Structures are given as C-alpha cells and as structure tokens.
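Participant: So I've got this file, query.txt, and it contains compact mmCIF, C-alpha atoms and all ligand atoms:
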```txt
# COMPACT_ATOMS: atom_id res chain seq x y z
CA MET A 1 117.35 106.33 93.06
CA THR A 2 115.61 108.43 90.47
CA ALA A 3 114.74 111.96 91.49
CA VAL A 4 111.09 112.46 92.35
CA ASN A 5 109.35 115.19 90.44
CA VAL A 6 107.39 116.81 93.25
CA ASP A 7 105.21 118.79 90.86
CA THR A 8 103.96 115.91 88.76
CA LEU A 9 104.21 112.79 90.95
CA MET A 10 100.58 112.81 92.03
CA SER A 11 99.02 114.01 88.77
CA ASP A 12 100.98 111.44 86.75
CA PHE A 13 100.07 108.74 89.23
CA LEU A 14 96.37 109.60 89.17
CA ASN A 15 96.35 109.69 85.38
CA ASN A 16 97.96 106.28 85.26
CA SER A 17 95.49 105.01 87.86
CA GLY A 18 92.45 105.91 85.76
CA GLY A 19 91.67 109.14 87.61
CA VAL A 20 91.02 107.61 91.04
CA ALA A 21 93.58 105.77 93.16
CA LEU A 22 92.98 103.48 96.11
CA ILE A 23 94.65 104.00 99.47
CA ASP A 24 94.96 101.00 101.80
CA GLY A 25 92.94 100.48 104.99
CA GLY A 26 93.65 100.12 108.71
CA LEU A 27 97.04 98.69 109.60
CA ALA A 28 96.68 98.20 113.34
CA THR A 29 93.33 96.50 112.91
CA GLU A 30 94.90 93.88 110.66
CA LEU A 31 98.04 93.45 112.76
CA GLU A 32 95.79 92.65 115.71
CA ARG A 33 93.86 90.18 113.59
CA TYR A 34 97.15 88.40 112.93
CA GLY A 35 97.67 88.22 116.70
CA ALA A 36 99.95 91.21 117.33
CA ASP A 37 99.58 92.86 120.74
CA LEU A 38 99.52 96.61 120.18
CA ASN A 39 98.84 97.71 123.73
CA ASP A 40 101.83 100.04 123.80
CA PRO A 41 102.51 103.78 123.36
CA LEU A 42 104.19 102.88 120.06
CA TRP A 43 100.97 101.18 118.87
CA SER A 44 101.42 99.65 115.39
CA ALA A 45 105.05 100.84 115.35
CA LYS A 46 105.72 98.27 118.08
CA CYS A 47 105.60 95.63 115.34
CA LEU A 48 108.62 97.24 113.66
CA LEU A 49 110.52 95.83 116.62
CA THR A 50 108.68 92.61 117.26
CA SER A 51 107.13 91.37 114.04
CA PRO A 52 108.10 93.13 110.79
CA HIS A 53 106.93 90.06 108.82
CA LEU A 54 103.35 90.77 109.95
CA ILE A 55 103.56 94.35 108.71
CA ARG A 56 104.81 93.12 105.33
CA GLN A 57 101.97 90.61 105.20
CA VAL A 58 99.35 93.30 105.89
CA HIS A 59 100.82 95.52 103.15
CA LEU A 60 100.63 92.55 100.78
CA ASP A 61 97.03 91.83 101.79
CA TYR A 62 96.11 95.41 100.90
CA LEU A 63 97.92 95.29 97.55
CA GLU A 64 96.13 92.04 96.75
CA ALA A 65 92.86 93.77 97.68
CA GLY A 66 93.55 96.46 95.08
CA ALA A 67 95.29 99.26 97.00
CA ASP A 68 97.52 101.50 94.86
CA ILE A 69 99.08 103.28 97.83
CA ILE A 70 100.36 101.59 100.96
CA ILE A 71 101.03 103.61 104.09
CA THR A 72 103.99 102.64 106.27
CA ALA A 73 103.81 101.54 109.91
CA SER A 74 105.43 104.77 111.12
CA TYR A 75 102.27 106.65 112.19
CA GLN A 76 103.16 106.36 115.85
CA ALA A 77 106.89 105.75 115.31
CA THR A 78 108.85 108.72 116.58
CA ILE A 79 112.49 109.01 117.55
CA GLN A 80 111.31 110.41 120.90
CA GLY A 81 108.96 107.46 121.39
CA PHE A 82 111.73 104.94 120.73
CA GLU A 83 114.04 106.86 123.06
CA ALA A 84 111.45 106.58 125.80
CA LYS A 85 111.70 102.81 125.33
CA GLY A 86 115.47 102.92 125.87
CA TYR A 87 116.63 103.02 122.23
CA SER A 88 119.22 105.47 120.94
CA SER A 89 118.24 108.15 118.45
CA GLU A 90 120.18 106.22 115.76
CA GLU A 91 118.16 103.12 116.51
CA GLY A 92 114.97 105.17 116.37
CA GLU A 93 115.97 106.54 112.98
CA SER A 94 116.77 103.09 111.67
CA MET A 95 113.34 101.91 112.84
CA LEU A 96 111.75 104.69 110.77
CA ARG A 97 113.75 103.63 107.72
CA LYS A 98 112.73 100.05 108.38
CA SER A 99 109.04 100.97 108.16
CA VAL A 100 109.64 102.19 104.60
CA GLU A 101 111.88 99.24 103.71
CA ILE A 102 109.15 96.80 104.77
CA ALA A 103 106.59 98.55 102.57
CA CYS A 104 109.01 98.65 99.62
CA GLU A 105 109.73 94.93 100.11
CA ALA A 106 106.00 94.22 100.04
CA ARG A 107 105.66 96.22 96.82
CA ASP A 108 108.59 94.34 95.20
CA LEU A 109 107.16 91.00 96.25
CA TYR A 110 103.73 91.99 94.97
CA ASN A 111 105.11 93.19 91.62
CA GLN A 112 106.89 89.87 91.26
CA ARG A 113 103.67 87.96 92.01
CA CYS A 114 101.82 90.09 89.44
CA SER A 115 104.39 89.28 86.77
CA GLU A 116 104.23 85.58 87.63
CA SER A 117 100.45 85.40 87.81
CA SER A 118 98.66 84.28 84.67
CA VAL A 119 95.46 86.08 85.70
CA ASP A 120 94.73 89.59 87.00
CA TYR A 121 91.95 88.37 89.29
CA THR A 122 92.01 85.09 91.19
CA GLY A 123 88.93 83.07 92.11
CA ASP A 124 89.36 83.94 95.80
CA GLY A 125 89.14 87.68 95.13
CA ARG A 126 92.83 88.58 95.05
CA ILE A 127 94.06 91.11 92.50
CA PHE A 128 97.39 90.63 90.69
CA LYS A 129 97.20 93.46 88.22
CA THR A 130 100.44 95.27 87.41
CA ARG A 131 99.95 98.97 88.11
CA PRO A 132 101.79 101.95 89.61
CA ILE A 133 102.08 101.61 93.39
CA LEU A 134 103.21 104.31 95.80
CA VAL A 135 104.70 103.93 99.27
CA ALA A 136 103.54 106.73 101.57
CA ALA A 137 105.58 107.26 104.75
CA SER A 138 103.16 107.95 107.56
CA VAL A 139 103.73 110.80 109.98
CA GLY A 140 101.19 110.93 112.78
CA SER A 141 100.52 114.12 114.68
CA TYR A 142 102.17 115.08 117.96
CA GLY A 143 99.02 113.82 119.66
CA ALA A 144 99.67 110.35 118.24
CA TYR A 145 103.07 110.33 119.99
CA LEU A 146 101.42 111.38 123.26
CA ALA A 147 99.20 108.29 122.89
CA ASP A 148 96.51 109.93 125.01
CA GLY A 149 93.97 110.36 122.25
CA SER A 150 94.83 114.05 121.76
CA GLU A 151 95.03 113.59 117.99
CA TYR A 152 91.26 113.30 118.32
CA SER A 153 90.94 116.50 120.37
CA GLY A 154 93.74 118.62 118.90
CA ASP A 155 94.21 120.10 122.35
CA TYR A 156 97.94 120.37 123.02
CA GLY A 157 97.57 122.91 125.81
CA LYS A 158 98.07 126.66 125.81
CA ALA A 159 101.86 126.48 126.03
CA MET A 160 102.18 124.75 122.65
CA ASN A 161 103.81 126.68 119.84
CA LEU A 162 104.94 126.34 116.24
CA ASP A 163 108.65 125.94 116.96
CA PHE A 164 108.03 123.16 119.46
CA LEU A 165 106.05 121.18 116.89
CA LYS A 166 108.62 121.78 114.14
CA ASP A 167 111.45 120.69 116.43
CA PHE A 168 109.46 117.64 117.49
CA HIS A 169 108.81 116.45 113.93
CA ARG A 170 111.89 117.70 112.05
CA ARG A 171 114.29 114.76 112.23
CA ARG A 172 111.59 112.17 111.60
CA VAL A 173 110.40 114.00 108.49
CA GLN A 174 114.01 114.30 107.23
CA VAL A 175 114.71 110.59 107.80
CA LEU A 176 111.50 109.47 106.10
CA ALA A 177 112.10 111.83 103.16
CA GLU A 178 115.45 110.13 102.52
CA SER A 179 114.16 106.60 103.10
CA GLY A 180 113.02 105.66 99.60
CA ALA A 181 109.32 106.44 100.19
CA ASP A 182 107.49 108.15 97.33
CA LEU A 183 105.76 110.68 99.53
CA ILE A 184 105.00 111.58 103.13
CA ALA A 185 101.48 111.10 104.48
CA PHE A 186 100.85 113.58 107.28
CA GLU A 187 97.84 112.00 108.92
CA THR A 188 95.18 112.84 111.48
CA ILE A 189 96.32 116.47 111.65
CA PRO A 190 94.09 117.83 114.42
CA ASN A 191 94.75 121.58 114.32
CA LYS A 192 96.00 124.53 112.29
CA LEU A 193 99.23 124.94 114.22
CA GLU A 194 100.44 121.46 113.34
CA ALA A 195 99.45 121.92 109.67
CA GLN A 196 101.57 125.08 109.67
CA ALA A 197 104.47 123.21 111.31
CA PHE A 198 104.36 120.44 108.68
CA SER A 199 104.10 122.95 105.87
CA GLU A 200 107.14 124.90 107.11
CA LEU A 201 109.16 121.70 107.63
CA LEU A 202 108.49 120.67 104.03
CA GLU A 203 110.07 123.93 102.89
CA GLU A 204 113.29 123.04 104.72
CA GLY A 205 114.78 121.16 101.79
CA ILE A 206 112.50 118.10 101.92
CA ASN A 207 112.76 116.53 98.47
CA ILE A 208 109.64 114.38 98.25
CA PRO A 209 106.00 115.48 98.10
CA ALA A 210 103.45 115.04 100.86
CA TRP A 211 99.76 114.87 101.54
CA PHE A 212 97.88 116.45 104.42
CA ALA A 213 94.97 114.53 105.96
CA PHE A 214 92.92 116.22 108.66
CA ASN A 215 90.32 114.68 110.95
CA SER A 216 86.96 115.97 112.04
CA LYS A 217 84.40 114.93 114.62
CA ASP A 218 81.59 117.31 113.70
CA GLY A 219 81.68 117.33 109.90
CA VAL A 220 82.44 121.07 109.87
CA ASN A 221 85.79 121.81 111.53
CA VAL A 222 88.92 119.79 112.26
CA VAL A 223 88.82 118.05 115.65
CA SER A 224 90.36 120.96 117.59
CA GLY A 225 87.58 123.26 116.37
CA ASP A 226 89.94 125.09 113.99
CA SER A 227 88.42 125.91 110.62
CA LEU A 228 88.93 123.14 108.05
CA ALA A 229 88.97 125.77 105.29
CA GLU A 230 91.89 127.55 107.00
CA CYS A 231 93.74 124.26 107.55
CA ALA A 232 93.22 123.18 103.93
CA ALA A 233 94.36 126.63 102.76
CA ILE A 234 97.69 126.09 104.55
CA ALA A 235 98.08 122.82 102.65
CA ASP A 236 97.07 124.55 99.42
CA SER A 237 99.74 127.22 99.77
CA CYS A 238 102.55 124.69 100.28
CA LYS A 239 104.01 123.64 96.92
CA LYS A 240 105.22 120.29 98.28
CA VAL A 241 101.68 119.25 99.23
CA VAL A 242 100.20 117.22 96.38
CA ALA A 243 96.88 116.19 97.94
CA VAL A 244 94.66 117.43 100.77
CA GLY A 245 91.89 115.62 102.57
CA ILE A 246 90.43 113.78 105.50
CA ASN A 247 91.26 110.59 107.34
CA CYS A 248 90.04 108.82 110.46
CA THR A 249 86.64 110.52 110.42
CA PRO A 250 83.19 108.89 110.31
CA PRO A 251 81.95 108.35 106.72
CA ARG A 252 78.72 110.30 107.32
CA PHE A 253 80.73 113.57 107.66
CA ILE A 254 82.80 113.23 104.52
CA ALA A 255 80.59 114.80 101.85
CA GLY A 256 80.33 118.11 103.71
CA LEU A 257 84.05 118.17 104.38
CA ILE A 258 84.86 117.62 100.68
CA SER A 259 82.70 120.66 99.82
CA THR A 260 84.69 122.79 102.26
CA ILE A 261 88.07 121.62 100.97
CA LYS A 262 87.05 122.18 97.34
CA LYS A 263 86.40 125.84 98.06
CA VAL A 264 90.04 126.47 98.98
CA THR A 265 92.13 124.17 96.80
CA ASN A 266 92.34 122.60 93.35
CA LYS A 267 94.75 119.94 94.59
CA PRO A 268 93.61 116.31 94.50
CA ILE A 269 91.36 115.45 97.45
CA LEU A 270 91.97 112.31 99.48
CA ILE A 271 89.46 110.57 101.69
CA TYR A 272 90.14 107.64 103.98
CA PRO A 273 87.59 107.56 106.74
CA ASN A 274 87.38 105.19 109.67
CA SER A 275 84.57 102.68 109.94
CA GLY A 276 82.37 105.15 111.81
CA GLU A 277 83.13 103.88 115.29
CA SER A 278 84.74 106.27 117.75
CA TYR A 279 87.93 105.99 119.79
CA ASP A 280 87.69 106.07 123.57
CA ALA A 281 91.02 107.52 124.73
CA GLN A 282 90.43 106.43 128.35
CA LEU A 283 89.64 102.86 127.45
CA LYS A 284 92.17 102.94 124.60
CA GLN A 285 89.74 101.11 122.38
CA TRP A 286 87.24 101.68 119.60
CA VAL A 287 83.61 101.73 120.63
CA GLN A 288 80.66 101.03 118.42
CA ASN A 289 78.28 103.96 118.18
CA THR A 290 76.57 105.30 115.12
CA GLY A 291 78.96 103.46 112.84
CA VAL A 292 77.75 102.49 109.41
CA LEU A 293 77.93 98.99 108.05
CA GLU A 294 80.70 98.18 105.64
CA GLU A 295 78.41 98.03 102.62
CA ASP A 296 77.13 101.51 103.50
CA PHE A 297 80.68 102.84 103.76
CA VAL A 298 81.43 101.57 100.28
CA SER A 299 78.15 102.93 98.93
CA TYR A 300 79.38 106.44 99.77
CA VAL A 301 82.57 106.13 97.74
CA ASN A 302 81.24 106.96 94.30
CA THR A 303 79.44 110.01 95.68
CA TRP A 304 82.70 111.22 97.20
CA CYS A 305 84.46 110.69 93.86
CA GLU A 306 81.68 112.54 92.01
CA MET A 307 82.17 115.40 94.48
CA GLY A 308 85.87 115.53 93.65
CA ALA A 309 87.77 112.97 95.73
CA SER A 310 90.45 111.23 93.69
CA LEU A 311 92.20 109.18 96.36
CA VAL A 312 90.01 106.94 98.49
CA GLY A 313 90.65 104.28 101.10
CA GLY A 314 90.05 103.47 104.74
CA CYS A 315 91.52 104.26 108.12
CA CYS A 316 90.99 102.62 111.52
CA ARG A 317 88.84 99.48 111.63
CA THR A 318 88.68 99.13 107.86
CA THR A 319 90.11 95.94 106.37
CA PRO A 320 91.30 94.48 103.04
CA ASP A 321 87.66 93.49 102.47
CA THR A 322 86.70 97.19 102.65
CA ILE A 323 89.38 98.08 100.09
CA ARG A 324 88.39 95.19 97.83
CA ALA A 325 84.77 96.37 97.97
CA ILE A 326 85.83 99.94 97.09
CA TYR A 327 87.90 98.57 94.18
CA LYS A 328 84.85 96.76 92.85
CA THR A 329 82.61 99.80 93.13
CA LEU A 330 84.92 102.19 91.26
CA PRO A 331 83.85 102.45 87.62
CA SER A 332 87.47 102.94 86.53
CA ARG A 333 88.41 99.60 88.08
CA SER A 334 85.43 97.50 87.23
CA ALA A 335 85.91 98.42 83.54
CA SER A 336 88.06 95.74 81.98
CA THR A 337 89.79 97.97 79.46
CA THR A 338 93.03 99.77 80.19
CA PRO A 339 92.74 103.55 79.84
CA VAL A 340 94.14 104.91 76.60
CA VAL A 341 97.08 107.13 77.37
CA GLU A 342 98.22 109.85 75.02
CA THR A 343 101.17 112.12 75.67
CA ILE A 344 101.10 115.71 74.48
CA GLN A 345 104.05 118.06 74.31
CA SER A 346 102.87 121.46 75.53
CA GLU A 347 104.36 124.78 74.46
CA SER A 348 106.25 125.14 77.73
CA GLY A 349 107.99 121.86 76.97
CA LEU A 350 106.13 119.99 79.70
CA VAL A 351 104.85 116.58 78.77
CA MET A 352 101.20 116.19 79.64
CA ILE A 353 99.54 112.82 79.87
CA LYS A 354 95.97 112.66 78.70
CA THR A 355 93.76 109.73 79.57
CA ALA A 356 90.89 109.00 77.26
ZN ZN B 401 92.39 106.00 111.81
```
Spit out the file's structure as structure tokens when you get a sec.
Ligand SMILES: [Zn+2]
Facilitator:
Amino acid sequence: MTAVNVDTLMSDFLNNSGGVALIDGGLATELERYGADLNDPLWSAKCLLTSPHLIRQVHLDYLEAGADIIITASYQATIQGFEAKGYSSEEGESMLRKSVEIACEARDLYNQRCSESSVDYTGDGRIFKTRPILVAASVGSYGAYLADGSEYSGDYGKAMNLDFLKDFHRRRVQVLAESGADLIAFETIPNKLEAQAFSELLEEGINIPAWFAFNSKDGVNVVSGDSLAECAAIADSCKKVVAVGINCTPPRFIAGLISTIKKVTNKPILIYPNSGESYDAQLKQWVQNTGVLEEDFVSYVNTWCEMGASLVGGCCRTTPDTIRAIYKTLPSRSASTTPVVETIQSESGLVMIKTA
C-alpha cells in the first residue's frame, strides 16, 4: 500500500476533481429500499453481517450517480456494539475492516466498468467516467452507538468526560486507519467534547487524514448547543483534519453554518445535509416536517459552493437520484472538457498542481 500524504491528499483530490467533489448520499435509506431490515441497534452496520452484497450494490449505485467519495457502512459499527450482540472483539474488528473492504471492492468494480464502458454517460443516467475516488471510513459519534438518538441531542450526561470518549473510540479508529480506507469520516459530531476526543485520537499515531462533520438543529450551534465556531476551531487546529463541515442537518440551515465555519478555518468545507426531515428518536423513524423537496435541495448546492463548500453530498433520506441531480448542477461536472492540469515546482520543492 502506498503511503498516504496526509497534508496533500484532500487538496490534490479536489484539484483533480475540478475544485468540487461529490460525496455519496444516504446508505441506510438505500439499503432499506433494497429490502434490508435495519431495525437494530447496529442499524446499517447490521448488513455487514447479513447482506454485504447489498452494501456493495449501494456503493456502486452512488458511484454510477457521480459520487467521488463513498462512505463505508461503519457509522454505527462499533466493537462494543458487536460485543453486545455476542461477537468477540476480534470479530468486531474484522467487521470494521469488512466495511472498508466492501467499499474498496465497489470502487474496483466501478473502475473496471468505467474502463470497459465505451461512453462516460449512459442513456439511463449512469455515469462511467474514470476519476479519482476516495473511500471514507465512517465513524459515528458515541450517541450513534447508544442508538437512542443522542447524536441529535449531544447530551451524554454530566458524568461524560474526554477520556471515556477517547477510550470508547480508540480501537475502532485504529482499525479503520489500517484498513485501506483513504480517510476517516467522523460524522454527526454533536458536541465539543467529542470533537476534542477525535482530534486527540488522531494525534496518537493515526496515519490517514480525517474529516469532521458536525450537525446542527438550529442553524447556529451544533446540536448540543455548543458553539459551532469552537467545534470547527478544534478541527482547524488538528493537522490530520483535511476538511470540516456539516452533515445530517436540514438544507435550510446550511448557508449560515458555512459562514460560521469560514470564520475559523481555511480548510476545505464539506456539506452533506439530510433531506430536511427530522428524526424521531422515540419512534426510531424519520418524520416529514418542514423538509424541502429534492429539487429545492439541489438548487441550494451552487450557493453553498459559491460560499466556499468544496465537498457536497447528502446524508439521511437522500438517494442516488439526489447525487445525480447535484452532479448535473455543478458547473465543473456539466462542462464536457477535462480541466487542464499544470504542475509547478515551488521553491520549497513541493509540487503544486494548478487547475486552469
Ligand atoms: Zn444522516
């Protein structure tokens, strides 16, 4: 395996992606559409045990819809969660590795299909365009493991502390970092304490980069009420973090949140909202409220990019159709020409890639 250059992985990738890269959409939503039953504390990770072929299919669907980054099915996969189901810690670890293997298999299969396809775009809307593709290993928050909706409240109780969270996440982060994934996606981070825990874990010899995605339910703070600016500043100060942003948050809040993040970091900003519905933790289901229609969601994307987002996609309840629609709306993708790439040797000896 070639060594990952933590410092340049994301900037090189974005340059090669025309300045804006597409993240995939909801995984669980699609697994359910294929008939998977996710009513389980492991949620989409349950399919790692029961139906890995469905996970691979959903990854492929997103790649064919134009996604440049696929996120593994490990959001709710924790060694502790597998142990609670009677598996050993070794089996739990191998399940985590499997989530990355499935995504890498999907990427290999997709690359092969691209090389075999005589066209970049098929009549039925599928995209077979050879391009750089990253596999992001998902790490959900502690609240996701609790499966009680607390990743949407950020309330872990008064007794919670930094060491507990670091101990909880440590082994999973180590296993995923050694699994062949290109980066770690810390997702739905609900509070400052957990951002700090992730940031400190990354400094413990983790050799791949990561992104931090927070969630908000008021468009101002992260869901716990902690300041988004303070959370994003933690991400900014961690060298291993290569992008900072928002996931699983209604689209109508995103513009304001981008402005806040921009004030504290120059790192690439990532945005992958949900469809605008909200999650009812008691009912364990998504309920329609002030959600926006899909075409409205997509109509926001170029505004977000103009404001500074350079990684965009969807979270819960978004589908390959959402991603395909985003692909079509991005000027860098709808243009038929490949960006002109020029390499420049800088004085420090670093090779910079300039896209015209
Ligand atoms: Zn989500």
Participant: List the neighbours of region 16-20 of chain A out to 6 Å using only C-alpha atoms; skip same-chain residues closer than 5 positions along the sequence, and give me the result as a ChimeraX atom specification.
Facilitator: /A:310-311,332
Participant: Need to verify the contact set: Ala137 (chain A), 6 Å, only C-alpha atoms, exclusion of same-chain residues closer than 2 positions in sequence. Can you return it as a PDB file with C-alpha atoms, in the coordinates of the input?
Facilitator:
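Below you can see around.pdb, which holds the result:
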```pdb
ATOM      1  CA  ILE A  71     101.030 103.610 104.090  1.00  0.00           C
ATOM      2  CA  THR A  72     103.990 102.640 106.270  1.00  0.00           C
ATOM      3  CA  ALA A 181     109.320 106.440 100.190  1.00  0.00           C
ATOM      4  CA  ILE A 184     105.000 111.580 103.130  1.00  0.00           C
ATOM      5  CA  ALA A 185     101.480 111.100 104.480  1.00  0.00           C
TER       6      ALA A 185
END
```
Participant: What does the distance between CA of Leu228 (chain A) and CA of Leu270 (chain A) come to in Å, to one decimal place?
Facilitator: 14.1 Å
Participant: Return the single residue from A:Ser299, A:Gly154, A:Glu178, A:Leu257 that is closest to Ala325 (chain A), with distances computed using all atoms listed in the file.
Facilitator: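 Using all atoms listed in the file, Ala325 (chain A) sits closest to A:Ser299.
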Participant: Which protein, DNA or RNA residues have an atom within 8 Å of ligand ZN 401 (chain B), counting all atoms listed in the file, as a VMD selection string?
Facilitator: chain A and resid 26 188 247 to 249 273 to 274 314 to 317
Participant: Emit the selected residues as a CSV table (one decimal), keeping the file's coordinate frame, including C-alpha atoms.
Facilitator:
```csv
chain,number,residue,atom,x,y,z
A,26,GLY,CA,93.6,100.1,108.7
A,188,THR,CA,95.2,112.8,111.5
A,247,ASN,CA,91.3,110.6,107.3
A,248,CYS,CA,90.0,108.8,110.5
A,249,THR,CA,86.6,110.5,110.4
A,273,PRO,CA,87.6,107.6,106.7
A,274,ASN,CA,87.4,105.2,109.7
A,314,GLY,CA,90.0,103.5,104.7
A,315,CYS,CA,91.5,104.3,108.1
A,316,CYS,CA,91.0,102.6,111.5
A,317,ARG,CA,88.8,99.5,111.6
```
Participant: Please measure the separation of CA of Gly25 (chain A) and CA of Glu64 (chain A), giving the value in Å to one decimal.
Facilitator: 12.2 Å
Participant: Region 228-242 of chain A, all listed atoms, 8 Å padding on each side: what axis-aligned box centre and edge lengths in Å to one decimal come out, as lines of an AutoDock Vina configuration file?
Facilitator:
```
center_x = 97.1
center_y = 122.4
center_z = 102.2
size_x = 32.3
size_y = 26.3
size_z = 27.7
```
Participant: From the list A:Phe168, A:Tyr272, A:Trp43, A:Phe214, which residue is nearest Thr29 (chain A) when using all atoms listed in the file?
Facilitator: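 Closest candidate: A:Trp43.
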Participant: Between A:Gly149, A:Met307, A:Ala106, A:Ala28, which has the minimum distance to Leu134 (chain A) (counting only C-alpha atoms)?
Facilitator: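 Checking each candidate against Leu134 (chain A), we get A:Ala106 as the closest.
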Participant: So, with only C-alpha atoms as the atoms that count, which of A:Ser259, A:Ala147, A:Lys217, A:Ala235 lies closest to Gly276 (chain A)?
Facilitator: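 Smallest distance to Gly276 (chain A) is found for A:Lys217.
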Participant: Which residues are close to Glu230 (chain A), i.e. within 10 Å by all atoms listed in the file, leaving aside same-chain residues fewer than 4 positions away? Reply as a short mmCIF file (atom, residue, chain, number, x, y, z; two decimals) with C-alpha atoms, in the coordinates of the input.
Facilitator:
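And here is the file that came out, selection-v6.cif:
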```cif
data_model
loop_
_atom_site.label_atom_id
_atom_site.label_comp_id
_atom_site.auth_asym_id
_atom_site.auth_seq_id
_atom_site.Cartn_x
_atom_site.Cartn_y
_atom_site.Cartn_z
CA ASN A 191 94.75 121.58 114.32
CA LYS A 192 96.00 124.53 112.29
CA ALA A 195 99.45 121.92 109.67
CA ASN A 221 85.79 121.81 111.53
CA VAL A 222 88.92 119.79 112.26
CA ASP A 226 89.94 125.09 113.99
CA ILE A 234 97.69 126.09 104.55
CA ALA A 235 98.08 122.82 102.65
CA ASP A 236 97.07 124.55 99.42
CA THR A 260 84.69 122.79 102.26
CA ILE A 261 88.07 121.62 100.97
CA VAL A 264 90.04 126.47 98.98
#
```
Participant: So that I can check the surroundings of Ile206 (chain A), please list as a PDB file with C-alpha atoms, keeping the file's coordinate frame every protein, DNA and RNA residue that reaches within 12 Å of it, counting only C-alpha atoms and ignoring chain neighbours fewer than 3 positions away.
Facilitator:
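Listed below is the output, out33.pdb:
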```pdb
ATOM      1  CA  VAL A   4     111.090 112.460  92.350  1.00  0.00           C
ATOM      2  CA  VAL A   6     107.390 116.810  93.250  1.00  0.00           C
ATOM      3  CA  ARG A 170     111.890 117.700 112.050  1.00  0.00           C
ATOM      4  CA  ARG A 171     114.290 114.760 112.230  1.00  0.00           C
ATOM      5  CA  ARG A 172     111.590 112.170 111.600  1.00  0.00           C
ATOM      6  CA  VAL A 173     110.400 114.000 108.490  1.00  0.00           C
ATOM      7  CA  GLN A 174     114.010 114.300 107.230  1.00  0.00           C
ATOM      8  CA  VAL A 175     114.710 110.590 107.800  1.00  0.00           C
ATOM      9  CA  LEU A 176     111.500 109.470 106.100  1.00  0.00           C
ATOM     10  CA  ALA A 177     112.100 111.830 103.160  1.00  0.00           C
ATOM     11  CA  GLU A 178     115.450 110.130 102.520  1.00  0.00           C
ATOM     12  CA  SER A 179     114.160 106.600 103.100  1.00  0.00           C
ATOM     13  CA  LEU A 183     105.760 110.680  99.530  1.00  0.00           C
ATOM     14  CA  ILE A 184     105.000 111.580 103.130  1.00  0.00           C
ATOM     15  CA  PHE A 198     104.360 120.440 108.680  1.00  0.00           C
ATOM     16  CA  SER A 199     104.100 122.950 105.870  1.00  0.00           C
ATOM     17  CA  GLU A 200     107.140 124.900 107.110  1.00  0.00           C
ATOM     18  CA  LEU A 201     109.160 121.700 107.630  1.00  0.00           C
ATOM     19  CA  LEU A 202     108.490 120.670 104.030  1.00  0.00           C
ATOM     20  CA  GLU A 203     110.070 123.930 102.890  1.00  0.00           C
ATOM     21  CA  PRO A 209     106.000 115.480  98.100  1.00  0.00           C
ATOM     22  CA  ALA A 210     103.450 115.040 100.860  1.00  0.00           C
ATOM     23  CA  LYS A 239     104.010 123.640  96.920  1.00  0.00           C
ATOM     24  CA  LYS A 240     105.220 120.290  98.280  1.00  0.00           C
ATOM     25  CA  VAL A 241     101.680 119.250  99.230  1.00  0.00           C
TER      26      VAL A 241
END
```
Participant: Which residue is closest to His53 (chain A)? Choose from A:Ser117, A:Thr265, A:Ser153, A:Ser99 and count all atoms listed in the file.
Facilitator: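 Under the stated criterion, the closest residue is A:Ser99.
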Participant: Could you tell me which of A:Gln112, A:Pro250, A:Ala309, A:Ala159 comes closest to Asn266 (chain A) if we count only C-alpha atoms?
Facilitator: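 Of A:Gln112, A:Pro250, A:Ala309, A:Ala159, the one nearest Asn266 (chain A) is A:Ala309, counting only C-alpha atoms.
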Participant: Mind giving me the straight-line distance from CA of Leu54 (chain A) to CA of Asp37 (chain A) in Å, one decimal?
Facilitator: 11.6 Å
Participant: Would you kindly place N, CA and C atoms on region 197-211 of chain A and return the model as a compact mmCIF listing (two decimals), in the frame of the given file?
Facilitator:
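Printed below is out_20.txt as written:
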```
# COMPACT_ATOMS: atom_id res chain seq x y z
N ALA A 197 103.15 123.79 110.99
CA ALA A 197 104.47 123.21 111.31
C ALA A 197 104.91 122.26 110.20
N PHE A 198 104.02 121.39 109.75
CA PHE A 198 104.36 120.44 108.68
C PHE A 198 104.70 121.19 107.40
N SER A 199 103.90 122.20 107.09
CA SER A 199 104.10 122.95 105.87
C SER A 199 105.47 123.65 105.88
N GLU A 200 105.84 124.22 107.02
CA GLU A 200 107.14 124.90 107.11
C GLU A 200 108.29 123.89 107.08
N LEU A 201 108.11 122.73 107.67
CA LEU A 201 109.16 121.70 107.63
C LEU A 201 109.41 121.23 106.20
N LEU A 202 108.34 121.12 105.42
CA LEU A 202 108.49 120.67 104.03
C LEU A 202 109.34 121.64 103.22
N GLU A 203 109.29 122.91 103.62
CA GLU A 203 110.07 123.93 102.89
C GLU A 203 111.55 123.92 103.28
N GLU A 204 111.89 123.10 104.27
CA GLU A 204 113.29 123.04 104.72
C GLU A 204 114.08 121.99 103.93
N GLY A 205 113.97 122.04 102.63
CA GLY A 205 114.78 121.16 101.79
C GLY A 205 114.29 119.72 101.69
N ILE A 206 113.05 119.46 102.07
CA ILE A 206 112.50 118.10 101.92
C ILE A 206 112.26 117.85 100.42
N ASN A 207 112.75 116.72 99.93
CA ASN A 207 112.76 116.53 98.47
C ASN A 207 111.70 115.56 97.95
N ILE A 208 110.76 115.18 98.78
CA ILE A 208 109.64 114.38 98.25
C ILE A 208 108.33 115.09 98.60
N PRO A 209 107.27 114.82 97.81
CA PRO A 209 106.00 115.48 98.10
C PRO A 209 105.30 114.89 99.32
N ALA A 210 104.18 115.48 99.68
CA ALA A 210 103.45 115.04 100.86
C ALA A 210 101.97 115.23 100.67
N TRP A 211 101.17 114.51 101.46
CA TRP A 211 99.76 114.87 101.54
C TRP A 211 99.42 115.23 102.97
```
